[in-house]
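Undergrad: Okay, handing you the structure first.
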2 protein chains.
Amino acid sequence: MQVTNMKNATSKPTSESARRSDCPVANALDRVGDKWSLLIVRDMLAGKTTYGQFLESPEGIPTNILSDRLKRMERFGIIKRAAYQKRPVRHDYSLTPEGKQLGIVLRELAAWGLENIAGTKKAILPGSFVSKR
Amino acid sequence: MQVTNMKNATSKPTSESARRSDCPVANALDRVGDKWSLLIVRDMLAGKTTYGQFLESPEGIPTNILSDRLKRMERFGIIKRAAYQKRPVRHDYSLTPEGKQLGIVLRELAAWGLENIAGTKKAILPGSFVSKR
DNA sequence: CCTAGTTACTTGCATTTTGCAAGTTACTGG
DNA sequence: CCAGTAACTTGCAAAATGCAAGTAACTAGG
């Protein structure tokens with residue numbers, strides 16, 4: 001009768017459920033306004049689906065943060081977690097329709113960075129990801 | 001011989017100058033990937049220019065964070081600070097061309113929030129700000 | 001001159017988040 | 001049984017956030 005001791009580790013970033021205002025920008029930032037969430041979405045848009053693959057990205061996300069963000073984004077309906085095999089049960093993550101819509105934001109953010117921050121290169125991703133402008 | 005004791009208060013968010021990768025998204029997030037920076041940019045796009053006006057926004061940004069973000073974004077060349085009167089010298093803030101380009105990102109982020117987060121309303125801003133989709 | 005008011009910040013903490021390193025769990029393969 | 005792997009969790013120390021109160025530089029009024 002395994003009780004899977006699920007204490008919370010880093011599970012409460014941006015104080016859940018306390019809406020700062022009804023502004024769509026503020027609310028969007030309360031969901032993905034941090035240094036890591038959108039990088040995970042970027043990786044998923046680039047085709048990555050597993051915990052291990054996210055860890056391989058050059059930015060080096062800490063494991064506890066990755067674990068926390070995956071749970072948070074799942075709660076927010078941005079991503080979906082599902083077992084892709086049992087007998088070692090393994091899960092993978094995928095973007096929900098809502099999550100996929102963040103692609104537009106990502107594309108613009110990437111275009112902005114590419115244009116305004118010296119030394120940035122699109123590489124890494126499949127290529128088609130960043131718009132030219 | 002006033003030495004204006006300018007100790008640093010909260011002046012070092014996202015560890016300055018340590019590039020996480022050369023990805024434009026990661027670099028953009030190191031500049032504006034937090035809960036407040038883009039809200040200030042939103043306010044500036046909506047016409048606000050002074051410290052006091054930023055404080056009036058419904059999200060209630062803490063004064064030390066506002067002060068810090070204004071300095072940070074100025075260092076990054078996203079905004080510009082200038083005296084608009086002397087004898088009580090007063091400054092105001094405005095977006096640089098780079099900062100204005102964030103408008104596109106903001107517009108998409110707002111559109112995403114409006115479409116995917118229940119209870120968000122465009123209001124607050126001049127209106128023309130959020131795209132319809 | 002003295003007092004109140006205003007704008008724009010700075011400072012001091014207490015509380016949260018981060019980030020790093022080291023476990024832990026559940027299996028598989030040999 | 002032992003090594004190996006994927007996916008996490010846990011323990012902290014360090015850094016960022018948020019709140020309340022204090023300060024600097026003036027102006028306006030009495």
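Each chain of the structure tokens is named A, B, ... in the order shown, its residues numbered from 1; ligands are numbered from 1 in display order.
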Env of D:DG30: 10 Å cut, atoms = only C-alpha atoms (C1' of nucleotides), seq-sep filter 2 positions within chain, self excluded. Answer as an NGL selection string.
TA: (:C and (2-3)) or (:D and (28))
Undergrad: Give one line per residue of chain A that approaches chain D to at most 8 Å, naming the two atoms of the closest pair and their distance in Å to one decimal, counting only C-alpha atoms (C1' of nucleotides); sort by chain then ascending residue number and deliver it as CSV.
TA:
```
residue,atom,partner,partner_atom,distance
A:Ala9,CA,D:DT9,C1',7.3
A:Tyr51,CA,D:DA7,C1',6.9
A:Gly52,CA,D:DA6,C1',7.1
A:Thr63,CA,D:DC8,C1',7.9
A:Asn64,CA,D:DT9,C1',7.8
A:Ser67,CA,D:DC8,C1',7.2
A:Arg90,CA,D:DA6,C1',7.8
```
Undergrad: Write the selection just made, keeping N, CA and C atoms, as a compact mmCIF listing (two decimals), in the first residue's frame?
TA:
```txt
# COMPACT_ATOMS: atom_id res chain seq x y z
N ALA A 9 8.60 19.97 -2.49
CA ALA A 9 9.99 20.38 -2.46
C ALA A 9 10.10 21.86 -2.80
N TYR A 51 11.98 14.09 -19.54
CA TYR A 51 12.73 14.73 -18.47
C TYR A 51 14.23 14.76 -18.80
N GLY A 52 14.73 13.62 -19.21
CA GLY A 52 16.14 13.54 -19.53
C GLY A 52 16.54 14.45 -20.68
N THR A 63 17.55 19.94 -11.60
CA THR A 63 16.50 18.91 -11.62
C THR A 63 15.27 19.25 -10.80
N ASN A 64 15.46 19.90 -9.65
CA ASN A 64 14.28 20.21 -8.85
C ASN A 64 13.42 21.28 -9.51
N SER A 67 11.53 19.60 -12.39
CA SER A 67 10.43 18.83 -11.83
C SER A 67 9.27 19.74 -11.43
N ARG A 90 7.39 4.88 -17.71
CA ARG A 90 8.10 6.10 -18.11
C ARG A 90 7.07 7.07 -18.67
```
Undergrad: Quick one: everything within 10 Å of A:Lys121, counting only C-alpha atoms (C1' of nucleotides), minus sequence neighbours fewer than 5 positions away in the same chain. Send it as a ChimeraX atom specification.
TA: /A:110,113-115,130 /B:21-25
Undergrad: Kindly export the residues of the current selection with N, CA and C atoms, as a CSV table (one decimal), in the first residue's frame.
TA:
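That gives us result-v7.csv:
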```
chain,number,residue,atom,x,y,z
A,110,ALA,N,12.2,35.2,-29.4
A,110,ALA,CA,13.4,34.8,-30.0
A,110,ALA,C,13.9,35.8,-31.1
A,113,GLY,N,15.4,38.7,-29.2
A,113,GLY,CA,16.7,38.4,-28.7
A,113,GLY,C,17.7,38.4,-29.8
A,114,LEU,N,17.4,37.7,-30.9
A,114,LEU,CA,18.3,37.6,-32.0
A,114,LEU,C,18.6,39.0,-32.6
A,115,GLU,N,17.7,39.9,-32.6
A,115,GLU,CA,17.9,41.2,-33.1
A,115,GLU,C,18.6,42.2,-32.2
A,130,VAL,N,12.6,30.1,-35.4
A,130,VAL,CA,12.7,31.5,-35.3
A,130,VAL,C,12.3,32.2,-36.6
B,21,SER,N,23.5,30.4,-22.4
B,21,SER,CA,23.6,29.7,-23.7
B,21,SER,C,23.6,30.8,-24.7
B,22,ASP,N,23.7,30.5,-26.0
B,22,ASP,CA,23.6,31.6,-27.0
B,22,ASP,C,22.2,31.6,-27.6
B,23,CYS,N,21.3,30.9,-27.0
B,23,CYS,CA,19.9,30.9,-27.5
B,23,CYS,C,19.3,32.2,-27.3
B,24,PRO,N,18.7,32.8,-28.3
B,24,PRO,CA,18.0,34.1,-28.2
B,24,PRO,C,16.9,34.1,-27.1
B,25,VAL,N,16.2,33.0,-27.0
B,25,VAL,CA,15.1,32.9,-26.0
B,25,VAL,C,15.7,33.0,-24.6
```
Undergrad: Mind pulling up the distance from atom CA of B:Ser37 to atom CA of A:Val105?
TA: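 Value for the atom CA of A:Val105-atom CA of B:Ser37 distance: 15.9 Å.
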Undergrad: Nearest residue to chain B out of C:DA4, C:DC27, C:DA21, C:DC9, using only C-alpha atoms (C1' of nucleotides)?
TA: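 Among C:DA4, C:DC27, C:DA21, C:DC9, it is C:DC9 that comes nearest to chain B.
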Undergrad: Per residue of chain C within 12 Å of chain A, note the shortest atom pair and the distance in Å to one decimal, counting only C-alpha atoms (C1' of nucleotides), and order the rows by chain and increasing residue number, as JSON lines.
TA:
```
{"residue": "C:DT16", "atom": "C1'", "partner": "A:Pro13", "partner_atom": "CA", "distance": 7.8}
{"residue": "C:DT17", "atom": "C1'", "partner": "A:Pro13", "partner_atom": "CA", "distance": 6.7}
{"residue": "C:DT18", "atom": "C1'", "partner": "A:Ile65", "partner_atom": "CA", "distance": 8.0}
{"residue": "C:DG19", "atom": "C1'", "partner": "A:Pro62", "partner_atom": "CA", "distance": 6.4}
{"residue": "C:DC20", "atom": "C1'", "partner": "A:Pro62", "partner_atom": "CA", "distance": 7.7}
{"residue": "C:DA21", "atom": "C1'", "partner": "A:Pro62", "partner_atom": "CA", "distance": 10.5}
{"residue": "C:DT24", "atom": "C1'", "partner": "A:Asn5", "partner_atom": "CA", "distance": 11.5}
{"residue": "C:DT25", "atom": "C1'", "partner": "A:Thr4", "partner_atom": "CA", "distance": 9.9}
{"residue": "C:DA26", "atom": "C1'", "partner": "A:Pro88", "partner_atom": "CA", "distance": 6.6}
{"residue": "C:DC27", "atom": "C1'", "partner": "A:Pro88", "partner_atom": "CA", "distance": 5.1}
{"residue": "C:DT28", "atom": "C1'", "partner": "A:Pro88", "partner_atom": "CA", "distance": 8.1}
```
Undergrad: Would you write out those residues with N, CA and C atoms (P, O5', C5', C4', C3', O3' and C1' of nucleotides), as a JSON list (two decimals), in the first residue's frame?
TA:
```json
[["chain", "number", "residue", "atom", "x", "y", "z"],
["C", 16, "DT", "P", 6.47, 32.55, 3.37],
["C", 16, "DT", "O5'", 6.85, 32.49, 1.82],
["C", 16, "DT", "C5'", 8.14, 32.87, 1.45],
["C", 16, "DT", "C4'", 8.21, 33.09, -0.01],
["C", 16, "DT", "C3'", 8.10, 31.80, -0.84],
["C", 16, "DT", "O3'", 7.60, 32.14, -2.13],
["C", 16, "DT", "C1'", 10.35, 32.57, -0.83],
["C", 17, "DT", "P", 7.33, 31.03, -3.24],
["C", 17, "DT", "O5'", 8.46, 31.33, -4.34],
["C", 17, "DT", "C5'", 9.77, 31.35, -3.93],
["C", 17, "DT", "C4'", 10.68, 31.67, -5.08],
["C", 17, "DT", "C3'", 10.86, 30.52, -6.08],
["C", 17, "DT", "O3'", 11.22, 31.07, -7.33],
["C", 17, "DT", "C1'", 12.82, 30.77, -4.70],
["C", 18, "DT", "P", 11.73, 30.14, -8.55],
["C", 18, "DT", "O5'", 13.27, 30.51, -8.60],
["C", 18, "DT", "C5'", 14.11, 30.09, -7.65],
["C", 18, "DT", "C4'", 15.55, 30.43, -7.99],
["C", 18, "DT", "C3'", 16.18, 29.45, -8.98],
["C", 18, "DT", "O3'", 17.23, 30.10, -9.70],
["C", 18, "DT", "C1'", 16.97, 29.08, -6.73],
["C", 19, "DG", "P", 18.03, 29.30, -10.89],
["C", 19, "DG", "O5'", 19.09, 28.41, -10.10],
["C", 19, "DG", "C5'", 20.13, 29.07, -9.40],
["C", 19, "DG", "C4'", 21.04, 28.06, -8.73],
["C", 19, "DG", "C3'", 21.43, 26.85, -9.58],
["C", 19, "DG", "O3'", 22.84, 26.70, -9.44],
["C", 19, "DG", "C1'", 20.59, 26.12, -7.49],
["C", 20, "DC", "P", 23.68, 25.83, -10.50],
["C", 20, "DC", "O5'", 24.39, 24.75, -9.57],
["C", 20, "DC", "C5'", 25.08, 25.22, -8.41],
["C", 20, "DC", "C4'", 25.19, 24.12, -7.38],
["C", 20, "DC", "C3'", 25.59, 22.76, -7.97],
["C", 20, "DC", "O3'", 26.76, 22.33, -7.29],
["C", 20, "DC", "C1'", 23.77, 22.52, -6.46],
["C", 21, "DA", "P", 27.55, 21.03, -7.89],
["C", 21, "DA", "O5'", 27.29, 19.96, -6.74],
["C", 21, "DA", "C5'", 27.30, 20.38, -5.38],
["C", 21, "DA", "C4'", 26.81, 19.25, -4.51],
["C", 21, "DA", "C3'", 27.24, 17.88, -5.02],
["C", 21, "DA", "O3'", 27.61, 17.08, -3.90],
["C", 21, "DA", "C1'", 24.88, 17.96, -4.86],
["C", 24, "DT", "P", 19.25, 7.35, 0.56],
["C", 24, "DT", "O5'", 18.02, 7.29, -0.46],
["C", 24, "DT", "C5'", 17.09, 8.36, -0.53],
["C", 24, "DT", "C4'", 15.98, 8.03, -1.49],
["C", 24, "DT", "C3'", 15.65, 6.53, -1.59],
["C", 24, "DT", "O3'", 14.25, 6.40, -1.49],
["C", 24, "DT", "C1'", 16.04, 7.43, -3.75],
["C", 25, "DT", "P", 13.58, 4.92, -1.36],
["C", 25, "DT", "O5'", 12.86, 4.75, -2.77],
["C", 25, "DT", "C5'", 12.08, 5.81, -3.29],
["C", 25, "DT", "C4'", 11.56, 5.42, -4.66],
["C", 25, "DT", "C3'", 11.21, 3.94, -4.79],
["C", 25, "DT", "O3'", 10.00, 3.82, -5.50],
["C", 25, "DT", "C1'", 12.78, 4.54, -6.45],
["C", 26, "DA", "P", 9.20, 2.40, -5.51],
["C", 26, "DA", "O5'", 9.43, 1.90, -7.00],
["C", 26, "DA", "C5'", 9.08, 2.77, -8.09],
["C", 26, "DA", "C4'", 9.62, 2.18, -9.38],
["C", 26, "DA", "C3'", 9.53, 0.64, -9.43],
["C", 26, "DA", "O3'", 9.09, 0.25, -10.73],
["C", 26, "DA", "C1'", 11.73, 1.32, -9.86],
["C", 27, "DC", "P", 8.07, -1.02, -10.81],
["C", 27, "DC", "O5'", 8.90, -2.14, -11.53],
["C", 27, "DC", "C5'", 10.31, -2.14, -11.43],
["C", 27, "DC", "C4'", 10.89, -1.76, -12.78],
["C", 27, "DC", "C3'", 11.42, -3.00, -13.50],
["C", 27, "DC", "O3'", 11.12, -3.03, -14.87],
["C", 27, "DC", "C1'", 13.19, -1.44, -13.02],
["C", 28, "DT", "P", 11.44, -4.46, -15.64],
["C", 28, "DT", "O5'", 12.84, -4.16, -16.34],
["C", 28, "DT", "C5'", 12.95, -3.12, -17.32],
["C", 28, "DT", "C4'", 14.33, -3.17, -17.93],
["C", 28, "DT", "C3'", 14.67, -4.55, -18.51],
["C", 28, "DT", "O3'", 15.46, -4.38, -19.68],
["C", 28, "DT", "C1'", 16.21, -4.00, -16.79]]
```
Undergrad: May I ask for the distance between atom CA of B:Asp30 and atom C1' of C:DT11, given in Å to one decimal place?
TA: 26.2 Å
Undergrad: As an exercise, work out the distance from atom CA of A:Gln101 to atom CA of A:Arg81 in Å and give it to one decimal place.
TA: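 Going from atom CA of A:Gln101 over to atom CA of A:Arg81 covers 17.7 Å.
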Undergrad: Can you work out which residues from chain B touch chain A at a cut-off of 9 Å (counting only C-alpha atoms) and hand them back as a VMD selection string?
TA: chain B and resid 14 19 to 30 32 to 36 38 to 39 42 58 to 60 98 101 to 102 104 to 117 119 to 124
Undergrad: Choose the residue, out of C:DT15, C:DC1, C:DA8, C:DA22, that has the smallest atom-to-atom separation from B:Gln53; count only C-alpha atoms (C1' of nucleotides).
TA: C:DA8
